[in-house]
>>> print(open('upload-v7.cif').read())   # mmCIF, C-alpha atoms (C1' of nucleotides)
data_my_file
#
loop_
_atom_site.label_atom_id
_atom_site.label_comp_id
_atom_site.auth_asym_id
_atom_site.auth_seq_id
_atom_site.Cartn_x
_atom_site.Cartn_y
_atom_site.Cartn_z
CA MET F 1474 0.00 0.00 0.00
CA LEU F 1475 0.92 3.61 -0.46
CA THR F 1476 1.93 4.54 3.09
CA GLU F 1477 4.38 1.66 3.27
CA LEU F 1478 5.78 2.65 -0.09
CA HIS F 1479 6.26 6.20 1.13
CA ALA F 1480 8.06 4.93 4.21
CA ARG F 1481 10.46 2.82 2.17
CA VAL F 1482 11.19 5.65 -0.23
CA LYS F 1483 11.61 8.13 2.60
CA LYS F 1484 14.12 5.91 4.37
CA HIS F 1485 16.05 5.33 1.17
CA LEU F 1486 16.20 9.01 0.32
CA ARG F 1487 17.26 9.88 3.85
CA GLU F 1488 20.14 7.41 3.57
CA ASN F 1489 21.21 9.19 0.41
CA ASP F 1490 20.86 12.71 1.80
CA VAL F 1491 17.98 13.55 -0.49
CA ARG F 1492 14.84 15.16 0.88
CA TYR F 1493 11.44 13.64 0.46
CA SER F 1494 9.50 16.83 -0.14
CA THR F 1495 5.75 16.89 -0.57
CA GLY F 1496 6.31 17.56 -4.23
CA ARG F 1497 8.37 14.40 -4.58
CA GLN F 1498 5.80 12.39 -2.68
CA LYS F 1499 3.30 13.28 -5.38
CA PHE F 1500 5.63 11.78 -7.98
CA ILE F 1501 5.80 8.49 -6.13
CA ALA F 1502 2.04 8.40 -5.66
CA ALA F 1503 1.41 9.19 -9.32
CA LEU F 1504 3.77 6.52 -10.60
CA HIS F 1505 2.42 4.01 -8.13
CA ALA F 1506 -1.11 4.70 -9.33
CA ALA F 1507 -0.05 4.47 -12.97
CA GLY F 1508 0.77 0.75 -12.83
CA GLY F 1509 3.38 0.94 -15.57
CA PRO F 1510 6.00 3.17 -17.13
CA ARG F 1511 4.87 6.70 -17.97
CA SER F 1512 6.45 9.49 -19.97
CA ALA F 1513 7.21 12.92 -18.57
CA THR F 1514 4.69 14.39 -20.99
CA HIS F 1515 2.02 11.98 -19.84
CA LEU F 1516 2.60 12.88 -16.20
CA HIS F 1517 2.66 16.56 -17.12
CA THR F 1518 -0.81 16.32 -18.64
CA SER F 1519 -2.38 14.14 -15.98
CA GLU F 1520 -1.59 13.62 -12.32
CA LEU F 1521 1.26 16.13 -12.16
CA ASP F 1522 -0.19 18.85 -14.36
CA ASP F 1523 0.71 21.54 -11.82
CA VAL F 1524 4.42 20.77 -12.05
CA PRO F 1525 6.33 22.60 -14.77
CA LEU F 1526 8.15 20.39 -17.25
CA SER F 1527 11.62 21.46 -16.20
CA SER F 1528 10.92 20.66 -12.54
CA LEU F 1529 9.27 17.45 -13.58
CA TYR F 1530 12.30 16.26 -15.50
CA ARG F 1531 14.64 17.38 -12.75
CA THR F 1532 12.73 15.56 -10.05
CA LEU F 1533 12.44 12.43 -12.16
CA THR F 1534 16.18 12.54 -12.76
CA VAL F 1535 16.94 13.03 -9.08
CA LEU F 1536 14.75 10.09 -8.14
CA GLU F 1537 16.34 8.03 -10.89
CA ASN F 1538 19.89 8.86 -9.78
CA VAL F 1539 19.15 7.75 -6.25
CA GLY F 1540 17.61 4.51 -7.53
CA VAL F 1541 13.97 5.10 -6.67
CA LEU F 1542 12.92 5.33 -10.31
CA GLU F 1543 14.05 3.55 -13.45
CA ARG F 1544 14.14 5.11 -16.87
CA THR F 1545 13.33 3.13 -19.99
CA HIS F 1546 12.37 4.23 -23.48
CA ASP F 1547 9.36 3.55 -25.66
CA GLY F 1548 9.47 2.63 -29.34
CA ASP F 1549 10.07 6.26 -30.28
CA GLY F 1550 12.92 6.75 -27.82
CA VAL F 1551 10.82 8.80 -25.42
CA ALA F 1552 11.84 8.37 -21.77
CA MET F 1553 9.48 6.38 -19.57
CA PHE F 1554 9.70 6.34 -15.78
CA GLU F 1555 8.53 3.77 -13.27
CA LEU F 1556 9.25 2.77 -9.71
CA GLY F 1557 12.49 0.84 -9.28
CA GLU F 1558 12.47 -2.92 -9.14
CA TRP F 1559 13.40 -3.04 -5.48
CA LEU F 1560 10.19 -1.12 -4.75
CA LEU F 1561 7.93 -2.74 -7.30
CA GLY F 1562 9.44 -6.21 -7.41
CA HIS F 1563 11.18 -7.75 -10.40
CA HIS F 1564 8.83 -7.90 -13.35
CA HIS F 1565 8.57 -7.90 -17.10
CA HIS F 1566 6.52 -6.11 -19.72
CA LEU F 1567 3.78 -6.88 -22.17
CA ILE F 1568 4.09 -4.33 -24.96
CA CYS F 1569 1.17 -3.80 -27.32
CA THR F 1570 2.63 -2.93 -30.71
CA SER F 1571 -0.65 -1.31 -31.74
CA CYS F 1572 -1.56 1.06 -28.89
CA ASP F 1573 1.90 1.08 -27.30
CA ILE F 1574 0.58 0.51 -23.80
CA VAL F 1575 3.03 -1.28 -21.54
CA THR F 1576 1.76 -3.56 -18.79
CA ASP F 1577 3.80 -4.84 -15.89
CA ILE F 1578 3.67 -8.59 -15.46
CA ASP F 1579 5.06 -11.11 -13.00
CA LEU F 1580 6.27 -14.36 -14.52
CA GLY F 1581 5.88 -16.36 -11.35
CA ASN F 1582 8.64 -18.33 -9.70
CA ASP F 1583 9.07 -21.18 -12.16
CA LEU F 1584 9.14 -19.14 -15.35
CA GLU F 1585 11.21 -16.41 -13.72
CA ASN F 1586 13.84 -18.89 -12.59
CA ALA F 1587 13.92 -20.42 -16.04
CA VAL F 1588 14.55 -17.05 -17.66
CA ALA F 1589 17.22 -16.18 -15.11
CA GLU F 1590 18.96 -19.49 -15.70
CA ILE F 1591 18.89 -19.09 -19.47
CA SER F 1592 20.34 -15.60 -19.16
CA ALA F 1593 23.06 -16.77 -16.81
CA THR F 1594 23.99 -19.61 -19.12
CA VAL F 1595 24.35 -17.50 -22.21
CA ALA F 1596 26.14 -14.73 -20.32
CA ALA F 1597 28.70 -17.18 -18.95
CA SER F 1598 29.35 -18.69 -22.36
CA HIS F 1599 30.29 -15.24 -23.66
CA GLY F 1600 32.54 -14.19 -20.80
CA PHE F 1601 29.88 -11.86 -19.43
CA THR F 1602 29.28 -11.12 -15.78
CA MET F 1603 25.49 -11.05 -15.66
CA THR F 1604 23.82 -8.48 -13.45
CA GLY F 1605 20.27 -8.72 -14.77
CA HIS F 1606 17.97 -9.43 -17.66
CA THR F 1607 15.06 -7.93 -19.54
CA LEU F 1608 12.29 -9.95 -21.14
CA ASP F 1609 9.61 -8.07 -23.02
CA VAL F 1610 6.75 -9.81 -24.76
CA LEU F 1611 5.52 -8.06 -27.89
CA GLY F 1612 2.05 -8.51 -29.30
CA LEU F 1613 -1.47 -7.19 -29.39
CA CYS F 1614 -3.36 -6.47 -26.20
CA GLU F 1615 -6.87 -7.72 -25.62
CA ASP F 1616 -8.39 -4.51 -27.00
CA CYS F 1617 -6.20 -4.31 -30.10
CA GLY F 1618 -6.00 -8.01 -30.95
CA MET C 264 28.51 -13.53 -46.89
CA LEU C 265 28.06 -10.05 -48.19
CA THR C 266 27.12 -10.76 -51.81
CA GLU C 267 24.32 -13.07 -50.78
CA LEU C 268 23.11 -10.46 -48.31
CA HIS C 269 23.08 -7.84 -51.05
CA ALA C 270 21.09 -10.18 -53.28
CA ARG C 271 18.45 -10.78 -50.63
CA VAL C 272 18.14 -7.10 -49.84
CA LYS C 273 18.02 -6.19 -53.52
CA LYS C 274 15.22 -8.63 -54.19
CA HIS C 275 13.26 -7.42 -51.19
CA LEU C 276 13.61 -3.78 -52.14
CA ARG C 277 12.63 -4.53 -55.72
CA GLU C 278 9.45 -6.20 -54.49
CA ASN C 279 8.69 -3.04 -52.56
CA ASP C 280 9.48 -0.65 -55.39
CA VAL C 281 12.47 0.79 -53.59
CA ARG C 282 15.76 1.14 -55.40
CA TYR C 283 18.96 -0.41 -54.15
CA SER C 284 21.30 2.43 -55.00
CA THR C 285 25.04 2.22 -54.45
CA GLY C 286 24.61 4.59 -51.52
CA ARG C 287 22.14 2.23 -49.88
CA GLN C 288 24.41 -0.73 -50.50
CA LYS C 289 27.04 1.00 -48.40
CA PHE C 290 24.56 1.18 -45.53
CA ILE C 291 23.93 -2.55 -45.66
CA ALA C 292 27.63 -3.30 -45.84
CA ALA C 293 28.41 -0.99 -42.94
CA LEU C 294 25.74 -2.46 -40.69
CA HIS C 295 26.74 -5.97 -41.66
CA ALA C 296 30.33 -5.24 -40.75
CA ALA C 297 29.29 -3.63 -37.48
CA GLY C 298 27.97 -6.86 -35.96
CA GLY C 299 25.48 -5.10 -33.72
CA PRO C 300 23.17 -2.09 -33.48
CA ARG C 301 24.79 1.25 -34.30
CA SER C 302 23.59 4.81 -33.88
CA ALA C 303 23.27 7.27 -36.73
CA THR C 304 25.99 9.39 -35.16
CA HIS C 305 28.32 6.40 -34.93
CA LEU C 306 27.82 5.57 -38.59
CA HIS C 307 28.26 9.24 -39.47
CA THR C 308 31.67 9.29 -37.83
CA SER C 309 32.93 5.94 -39.10
CA GLU C 310 32.01 3.88 -42.16
CA LEU C 311 29.54 6.38 -43.60
CA ASP C 312 31.37 9.60 -42.83
CA ASP C 313 30.81 10.89 -46.36
CA VAL C 314 27.02 10.79 -45.99
CA PRO C 315 25.39 13.91 -44.53
CA LEU C 316 23.33 13.33 -41.40
CA SER C 317 20.01 14.19 -43.02
CA SER C 318 20.55 11.71 -45.85
CA LEU C 319 21.78 9.19 -43.35
CA TYR C 320 18.62 9.43 -41.25
CA ARG C 321 16.41 9.40 -44.31
CA THR C 322 18.04 6.33 -45.78
CA LEU C 323 17.95 4.52 -42.45
CA THR C 324 14.25 5.35 -42.15
CA VAL C 325 13.53 4.17 -45.69
CA LEU C 326 15.31 0.89 -45.05
CA GLU C 327 13.48 0.55 -41.75
CA ASN C 328 10.06 1.20 -43.30
CA VAL C 329 10.60 -1.49 -45.86
CA GLY C 330 11.71 -3.93 -43.18
CA VAL C 331 15.38 -4.27 -44.03
CA LEU C 332 16.49 -2.50 -40.85
CA GLU C 333 15.18 -2.48 -37.31
CA ARG C 334 15.33 0.49 -34.99
CA THR C 335 15.94 0.10 -31.27
CA HIS C 336 17.09 2.55 -28.63
CA ASP C 337 20.05 2.57 -26.29
CA GLY C 338 19.94 3.47 -22.60
CA ASP C 339 19.80 7.16 -23.46
CA GLY C 340 16.98 6.83 -25.95
CA VAL C 341 19.25 7.27 -28.95
CA ALA C 342 18.11 5.33 -32.02
CA MET C 343 20.18 2.28 -32.96
CA PHE C 344 19.91 0.50 -36.30
CA GLU C 345 20.69 -3.04 -37.28
CA LEU C 346 19.80 -5.49 -40.03
CA GLY C 347 16.33 -6.97 -39.69
CA GLU C 348 15.83 -10.34 -38.06
CA TRP C 349 14.85 -12.02 -41.31
CA LEU C 350 18.28 -11.07 -42.67
CA LEU C 351 20.33 -11.59 -39.57
CA GLY C 352 18.40 -14.39 -37.93
CA HIS C 353 16.54 -14.13 -34.65
CA HIS C 354 18.92 -13.19 -31.88
CA HIS C 355 19.30 -11.48 -28.54
CA HIS C 356 21.64 -8.97 -26.98
CA LEU C 357 24.34 -8.87 -24.37
CA ILE C 358 24.46 -5.31 -23.07
CA CYS C 359 27.50 -4.15 -21.14
CA THR C 360 26.29 -1.62 -18.57
CA SER C 361 29.76 -0.16 -18.30
CA CYS C 362 30.89 0.49 -21.88
CA ASP C 363 27.39 0.23 -23.42
CA ILE C 364 28.52 -2.04 -26.21
CA VAL C 365 25.79 -4.34 -27.49
CA THR C 366 26.67 -7.77 -28.82
CA ASP C 367 24.37 -9.97 -30.87
CA ILE C 368 24.01 -13.49 -29.52
CA ASP C 369 22.23 -16.65 -30.58
CA LEU C 370 20.66 -18.64 -27.78
CA GLY C 371 20.67 -21.92 -29.65
CA ASN C 372 17.61 -24.04 -30.30
CA ASP C 373 16.90 -25.33 -26.82
CA LEU C 374 17.20 -22.07 -24.94
CA GLU C 375 15.45 -20.15 -27.71
CA ASN C 376 12.49 -22.51 -27.66
CA ALA C 377 12.32 -22.25 -23.90
CA VAL C 378 12.18 -18.45 -24.04
CA ALA C 379 9.56 -18.52 -26.79
CA GLU C 380 7.43 -20.91 -24.80
CA ILE C 381 7.67 -18.84 -21.64
CA SER C 382 6.69 -15.73 -23.57
CA ALA C 383 3.76 -17.47 -25.21
CA THR C 384 2.55 -18.78 -21.86
CA VAL C 385 2.58 -15.45 -20.10
CA ALA C 386 1.09 -13.65 -23.12
CA ALA C 387 -1.80 -16.08 -23.29
CA SER C 388 -2.54 -15.76 -19.59
CA HIS C 389 -2.97 -12.01 -20.06
CA GLY C 390 -5.16 -12.10 -23.16
CA PHE C 391 -2.26 -11.06 -25.35
CA THR C 392 -1.67 -12.17 -28.92
CA MET C 393 2.07 -12.64 -28.93
CA THR C 394 4.00 -11.64 -32.01
CA GLY C 395 7.52 -11.70 -30.63
CA HIS C 396 9.79 -11.29 -27.66
CA THR C 397 12.94 -9.50 -26.60
CA LEU C 398 15.47 -10.90 -24.16
CA ASP C 399 18.43 -8.75 -23.26
CA VAL C 400 21.09 -9.85 -20.82
CA LEU C 401 22.64 -7.04 -18.81
CA GLY C 402 26.05 -7.24 -17.25
CA LEU C 403 29.73 -6.52 -17.66
CA CYS C 404 31.60 -7.60 -20.75
CA GLU C 405 34.90 -9.43 -20.59
CA ASP C 406 36.87 -6.17 -20.79
CA CYS C 407 34.83 -4.27 -18.21
CA GLY C 408 34.17 -7.13 -15.78
"C1'" DT X 1260 15.96 33.38 14.05
"C1'" DT X 1261 19.51 33.23 11.19
"C1'" DA X 1262 22.63 31.17 8.11
"C1'" DA X 1263 23.47 27.41 4.99
"C1'" DT X 1264 21.75 24.44 1.73
"C1'" DA X 1265 18.38 22.10 -0.92
"C1'" DA X 1266 14.22 22.41 -3.92
"C1'" DT X 1267 11.54 24.82 -7.23
"C1'" DG X 1268 10.05 27.77 -11.45
"C1'" DA X 1269 10.72 30.02 -15.65
"C1'" DG X 1270 12.90 30.34 -19.68
"C1'" DA X 1271 16.91 29.69 -22.66
"C1'" DA X 1272 19.84 26.38 -24.77
"C1'" DT X 1273 21.15 21.72 -26.49
"C1'" DG X 1274 20.90 17.79 -29.46
"C1'" DG X 1275 18.75 14.07 -31.91
"C1'" DC X 1276 15.79 13.75 -35.46
"C1'" DT X 1277 12.55 15.24 -39.24
"C1'" DA X 1278 10.65 18.20 -43.03
"C1'" DT X 1279 11.36 21.09 -47.02
"C1'" DC X 1280 12.99 22.04 -51.36
"C1'" DA X 1281 16.13 22.43 -54.95
"C1'" DT X 1282 19.43 19.41 -57.44
"C1'" DT X 1283 21.19 15.17 -59.21
"C1'" DA X 1284 20.82 10.45 -60.62
"C1'" DT X 1285 18.25 6.43 -62.24
"C1'" DA X 1286 14.76 3.77 -64.86
"C1'" DC X 1287 11.70 3.22 -68.58
"C1'" DA X 1288 9.52 4.44 -73.09
"C1'" DT X 1289 10.29 6.03 -77.50
"C1'" DA O 1358 20.72 6.38 -77.59
"C1'" DT O 1359 17.63 10.36 -75.86
"C1'" DG O 1360 14.28 12.44 -73.43
"C1'" DT O 1361 11.07 12.29 -69.63
"C1'" DA O 1362 9.14 10.88 -65.34
"C1'" DT O 1363 10.29 9.64 -60.90
"C1'" DA O 1364 13.25 8.41 -57.21
"C1'" DA O 1365 17.43 9.56 -54.43
"C1'" DT O 1366 20.41 12.92 -52.49
"C1'" DG O 1367 22.32 17.32 -50.05
"C1'" DA O 1368 21.92 21.40 -47.56
"C1'" DT O 1369 19.43 23.82 -44.44
"C1'" DA O 1370 15.85 25.12 -41.46
"C1'" DG O 1371 12.66 23.53 -38.04
"C1'" DC O 1372 10.73 20.59 -34.26
"C1'" DC O 1373 10.46 18.51 -29.91
"C1'" DA O 1374 12.13 15.99 -25.88
"C1'" DT O 1375 15.29 16.91 -22.57
"C1'" DT O 1376 18.72 19.53 -19.98
"C1'" DC O 1377 20.96 23.79 -18.20
"C1'" DT O 1378 21.14 28.23 -15.89
"C1'" DC O 1379 19.98 31.20 -12.51
"C1'" DA O 1380 17.06 33.67 -9.62
"C1'" DT O 1381 13.62 32.65 -5.96
"C1'" DT O 1382 11.54 30.01 -2.34
"C1'" DA O 1383 11.42 26.47 1.12
"C1'" DT O 1384 13.67 23.50 4.55
"C1'" DT O 1385 17.05 22.06 7.81
"C1'" DA O 1386 20.39 22.83 11.59
"C1'" DA O 1387 22.83 25.68 14.81
#
>>> encode(input="upload-v7.cif", output="structure tokens")
Amino acid sequence: MLTELHARVKKHLRENDVRYSTGRQKFIAALHAAGGPRSATHLHTSELDDVPLSSLYRTLTVLENVGVLERTHDGDGVAMFELGEWLLGHHHHLICTSCDIVTDIDLGNDLENAVAEISATVAASHGFTMTGHTLDVLGLCEDCG
Amino acid sequence: MLTELHARVKKHLRENDVRYSTGRQKFIAALHAAGGPRSATHLHTSELDDVPLSSLYRTLTVLENVGVLERTHDGDGVAMFELGEWLLGHHHHLICTSCDIVTDIDLGNDLENAVAEISATVAASHGFTMTGHTLDVLGLCEDCG
DNA sequence: TTAATAATGAGAATGGCTATCATTATACAT
DNA sequence: ATGTATAATGATAGCCATTCTCATTATTAA
């Protein structure tokens, strides 16, 4: 729930000497409510429409640098922000190639372990030190399919 | 080899009423030699340094639209271009989080089938019509690790 | 309550990418 | 071969997401 999320973020920011202002709390709440990655423009025209774009980008960057947010990019290279994995849990994405909506999904233990093992195997065979993996499933969502 | 690649591209372009000019052949050769996704800027400062940026982007876009190239994005949202899967074969990426170099890898039949099956399973359970998947392995390359 | 420092707002500046338009090259018909 | 239609190219201006700068406001700590 949201209050626990705020507590975890607050503690993390405190440990990194970054303040958890009321403005920043709104960012966390908005991204938590979103349920998936969102662009700065999207946030600017919805939940955070009272925050100027420059402040919006700056705050998103601050939260990213401290590890609270993660930045990805959509098919057009536009930055998308979502809560970090350690807050949200490790997950993957279903990407609708028609409407471009991204949905967070959890593979479940068995499938997740399988993917992790495959990644580790192939990384090792190429002299790579694996630190993580990304699995996105592309297709058409229920509405578009 | 390169001549066979040129022949396949030429045929494909002909079927789509797009010419395979000598300039465009240089693009295919450059991306084939690269062995992984490359940015427009990278190409502009290496193999294709005699092609102005506007022409470079336009040609890359033309080749993308016709399906010869695929466009992805690096960690900063910068567009990266590589030969399409039907030319290069289905593959995945090892991404070094230190030097940002991306290496194409082939999982091999067994691992590839496993990933495809996992993706299909999770897509189906969410009402998704799967059309593809992306698996990137993050870590440190041999030089950086 | 004051001084030090962090956070915010507003607007300018940057950079990747695209659109425009004139020029050059290529393909096809005669 | 030669001319004509059309595609490809180059140069430049423009667009838009993102970042930078700097003045102002809020917050913390003594």
>>> residues_around(input="upload-v7.cif", residues="region 1376-1386 of chain O", least_positions_apart="2", cutoff="9 Å", atoms="only C-alpha atoms (C1' of nucleotides)", output="list of chain:residue names")
F:Ser1527, F:Tyr1530, F:Arg1531, X:DA1263, X:DT1264, X:DA1265, X:DA1266, X:DT1267, X:DG1268, X:DA1271, X:DA1272, X:DT1273
>>> closest_atom_pairs(input="upload-v7.cif", of="chain O", to="region 1499-1521 of chain F", cutoff="12 Å", atoms="all atoms listed in the file", output="CSV")
residue,atom,partner,partner_atom,distance
O:DC1373,C1',F:Thr1514,CA,11.4
O:DA1374,C1',F:Thr1514,CA,9.0
O:DT1375,C1',F:Ala1513,CA,9.9
>>> write_last_selection(input="upload-v7.cif", atoms="C-alpha atoms (C1' of nucleotides)", output="compact mmCIF listing (two decimals), keeping the file's coordinate frame")
# COMPACT_ATOMS: atom_id res chain seq x y z
C1' DC O 1373 10.46 18.51 -29.91
C1' DA O 1374 12.13 15.99 -25.88
C1' DT O 1375 15.29 16.91 -22.57
>>> atom_distance(input="upload-v7.cif", atom1="CA of Tyr1493 (chain F)", atom2="C1' of DT1260 (chain X)")
24.4 Å
>>> resolve_selection(input="upload-v7.cif", expression="the PyMOL selection byres ((chain F and resi 1556) around 7)", output="NGL selection string")
:F and (1504 or 1541-1543 or 1555 or 1557-1558 or 1560-1561)
>>> closest_residue(input="upload-v7.cif", among="X:DT1261, X:DC1280, X:DA1269, X:DT1285", to="chain C", atoms="all atoms listed in the file")
X:DT1285
>>> atom_distance(input="upload-v7.cif", atom1="CA of Gly402 (chain C)", atom2="CA of Ala1593 (chain F)")
10.0 Å
>>> interface_residues(input="upload-v7.cif", of="chain F", to="chain X", cutoff="12 Å", atoms="only C-alpha atoms (C1' of nucleotides)", output="list in words")
Asp1490, Val1491, Arg1492, Tyr1493, Ser1494, Thr1495, Gly1496, Arg1497, Asp1523, Val1524, Pro1525, Leu1526, Ser1527, Ser1528, Leu1529, Tyr1530, Arg1531, Thr1532, Val1535, Asp1549, Gly1550 and Val1551 of chain F
>>> residues_around(input="upload-v7.cif", residues="Glu278 (chain C)", least_positions_apart="6", cutoff="12 Å", atoms="all atoms listed in the file", output="JSON list (two decimals) with C-alpha atoms, keeping the file's coordinate frame")
[["chain", "number", "residue", "atom", "x", "y", "z"],
["C", 271, "ARG", "CA", 18.45, -10.78, -50.63],
["C", 272, "VAL", "CA", 18.14, -7.10, -49.84],
["C", 329, "VAL", "CA", 10.60, -1.49, -45.86],
["C", 330, "GLY", "CA", 11.71, -3.93, -43.18]]
>>> interface_residues(input="upload-v7.cif", of="chain C", to="chain F", cutoff="10 Å", atoms="all atoms listed in the file", output="tab-separated table (two decimals) with C-alpha atoms, in the frame of the given file")
chain	number	residue	atom	x	y	z
C	334	ARG	CA	15.33	0.49	-34.99
C	335	THR	CA	15.94	0.10	-31.27
C	336	HIS	CA	17.09	2.55	-28.63
C	337	ASP	CA	20.05	2.57	-26.29
C	338	GLY	CA	19.94	3.47	-22.60
C	339	ASP	CA	19.80	7.16	-23.46
C	340	GLY	CA	16.98	6.83	-25.95
C	341	VAL	CA	19.25	7.27	-28.95
C	342	ALA	CA	18.11	5.33	-32.02
C	343	MET	CA	20.18	2.28	-32.96
C	356	HIS	CA	21.64	-8.97	-26.98
C	357	LEU	CA	24.34	-8.87	-24.37
C	358	ILE	CA	24.46	-5.31	-23.07
C	359	CYS	CA	27.50	-4.15	-21.14
C	360	THR	CA	26.29	-1.62	-18.57
C	366	THR	CA	26.67	-7.77	-28.82
C	368	ILE	CA	24.01	-13.49	-29.52
C	369	ASP	CA	22.23	-16.65	-30.58
C	370	LEU	CA	20.66	-18.64	-27.78
C	371	GLY	CA	20.67	-21.92	-29.65
C	373	ASP	CA	16.90	-25.33	-26.82
C	374	LEU	CA	17.20	-22.07	-24.94
C	375	GLU	CA	15.45	-20.15	-27.71
C	377	ALA	CA	12.32	-22.25	-23.90
C	378	VAL	CA	12.18	-18.45	-24.04
C	379	ALA	CA	9.56	-18.52	-26.79
C	380	GLU	CA	7.43	-20.91	-24.80
C	381	ILE	CA	7.67	-18.84	-21.64
C	382	SER	CA	6.69	-15.73	-23.57
C	383	ALA	CA	3.76	-17.47	-25.21
C	384	THR	CA	2.55	-18.78	-21.86
C	385	VAL	CA	2.58	-15.45	-20.10
C	386	ALA	CA	1.09	-13.65	-23.12
C	389	HIS	CA	-2.97	-12.01	-20.06
C	390	GLY	CA	-5.16	-12.10	-23.16
C	391	PHE	CA	-2.26	-11.06	-25.35
C	392	THR	CA	-1.67	-12.17	-28.92
C	393	MET	CA	2.07	-12.64	-28.93
C	394	THR	CA	4.00	-11.64	-32.01
C	395	GLY	CA	7.52	-11.70	-30.63
C	396	HIS	CA	9.79	-11.29	-27.66
C	397	THR	CA	12.94	-9.50	-26.60
C	398	LEU	CA	15.47	-10.90	-24.16
C	399	ASP	CA	18.43	-8.75	-23.26
C	400	VAL	CA	21.09	-9.85	-20.82
C	401	LEU	CA	22.64	-7.04	-18.81
C	402	GLY	CA	26.05	-7.24	-17.25
C	403	LEU	CA	29.73	-6.52	-17.66
C	404	CYS	CA	31.60	-7.60	-20.75
C	405	GLU	CA	34.90	-9.43	-20.59
C	406	ASP	CA	36.87	-6.17	-20.79
C	407	CYS	CA	34.83	-4.27	-18.21
C	408	GLY	CA	34.17	-7.13	-15.78
>>> axis_aligned_box(input="upload-v7.cif", around="region 304-321 of chain C", padding_each_side="5 Å", output="AutoDock Vina command-line options")
--center_x 24.7 --center_y 9.0 --center_z -40.6 --size_x 26.5 --size_y 20.3 --size_z 21.4
>>> atom_distance(input="upload-v7.cif", atom1="CA of Leu268 (chain C)", atom2="CA of Trp349 (chain C)")
10.9 Å
>>> resolve_selection(input="upload-v7.cif", expression="the PyMOL selection byres ((chain O) within 12 of (chain C))", output="PyMOL selection string")
chain O and resi 1363-1370+1374-1375
>>> residues_around(input="upload-v7.cif", residues="Ala270 (chain C)", least_positions_apart="4", cutoff="12 Å", atoms="all atoms listed in the file", output="list in words")
Met264, Leu265, Thr266, Lys274, His275, Leu276, Arg277, Tyr283, Gln288, Ile291 and Leu350 of chain C
>>> decode(input="upload-v7.cif", residues="region 312-316 of chain C", atoms="all heavy atoms", output="compact mmCIF listing (two decimals), in the first residue's frame")
# COMPACT_ATOMS: atom_id res chain seq x y z
N ASP C 312 31.06 8.21 -43.17
CA ASP C 312 31.37 9.60 -42.83
C ASP C 312 31.24 10.55 -44.02
O ASP C 312 31.34 11.76 -43.85
CB ASP C 312 32.76 9.71 -42.22
CG ASP C 312 33.83 9.19 -43.15
OD1 ASP C 312 33.47 8.60 -44.19
OD2 ASP C 312 35.01 9.37 -42.85
N ASP C 313 31.00 10.01 -45.21
CA ASP C 313 30.81 10.89 -46.36
C ASP C 313 29.33 11.14 -46.65
O ASP C 313 28.99 11.83 -47.61
CB ASP C 313 31.49 10.31 -47.60
CG ASP C 313 30.98 8.92 -47.92
OD1 ASP C 313 30.46 8.25 -46.99
OD2 ASP C 313 31.07 8.50 -49.08
N VAL C 314 28.46 10.60 -45.80
CA VAL C 314 27.02 10.79 -45.99
C VAL C 314 26.53 11.83 -44.99
O VAL C 314 26.73 11.67 -43.79
CB VAL C 314 26.26 9.47 -45.77
CG1 VAL C 314 24.76 9.67 -45.97
CG2 VAL C 314 26.80 8.39 -46.69
N PRO C 315 25.89 12.90 -45.46
CA PRO C 315 25.39 13.91 -44.53
C PRO C 315 24.33 13.32 -43.61
O PRO C 315 23.64 12.37 -43.96
CB PRO C 315 24.79 14.97 -45.45
CG PRO C 315 24.80 14.42 -46.81
CD PRO C 315 25.69 13.25 -46.86
N LEU C 316 24.22 13.90 -42.41
CA LEU C 316 23.33 13.33 -41.40
C LEU C 316 21.89 13.22 -41.88
O LEU C 316 21.21 12.24 -41.59
CB LEU C 316 23.39 14.18 -40.13
CG LEU C 316 24.34 13.66 -39.04
CD1 LEU C 316 24.31 14.59 -37.85
CD2 LEU C 316 23.93 12.26 -38.61
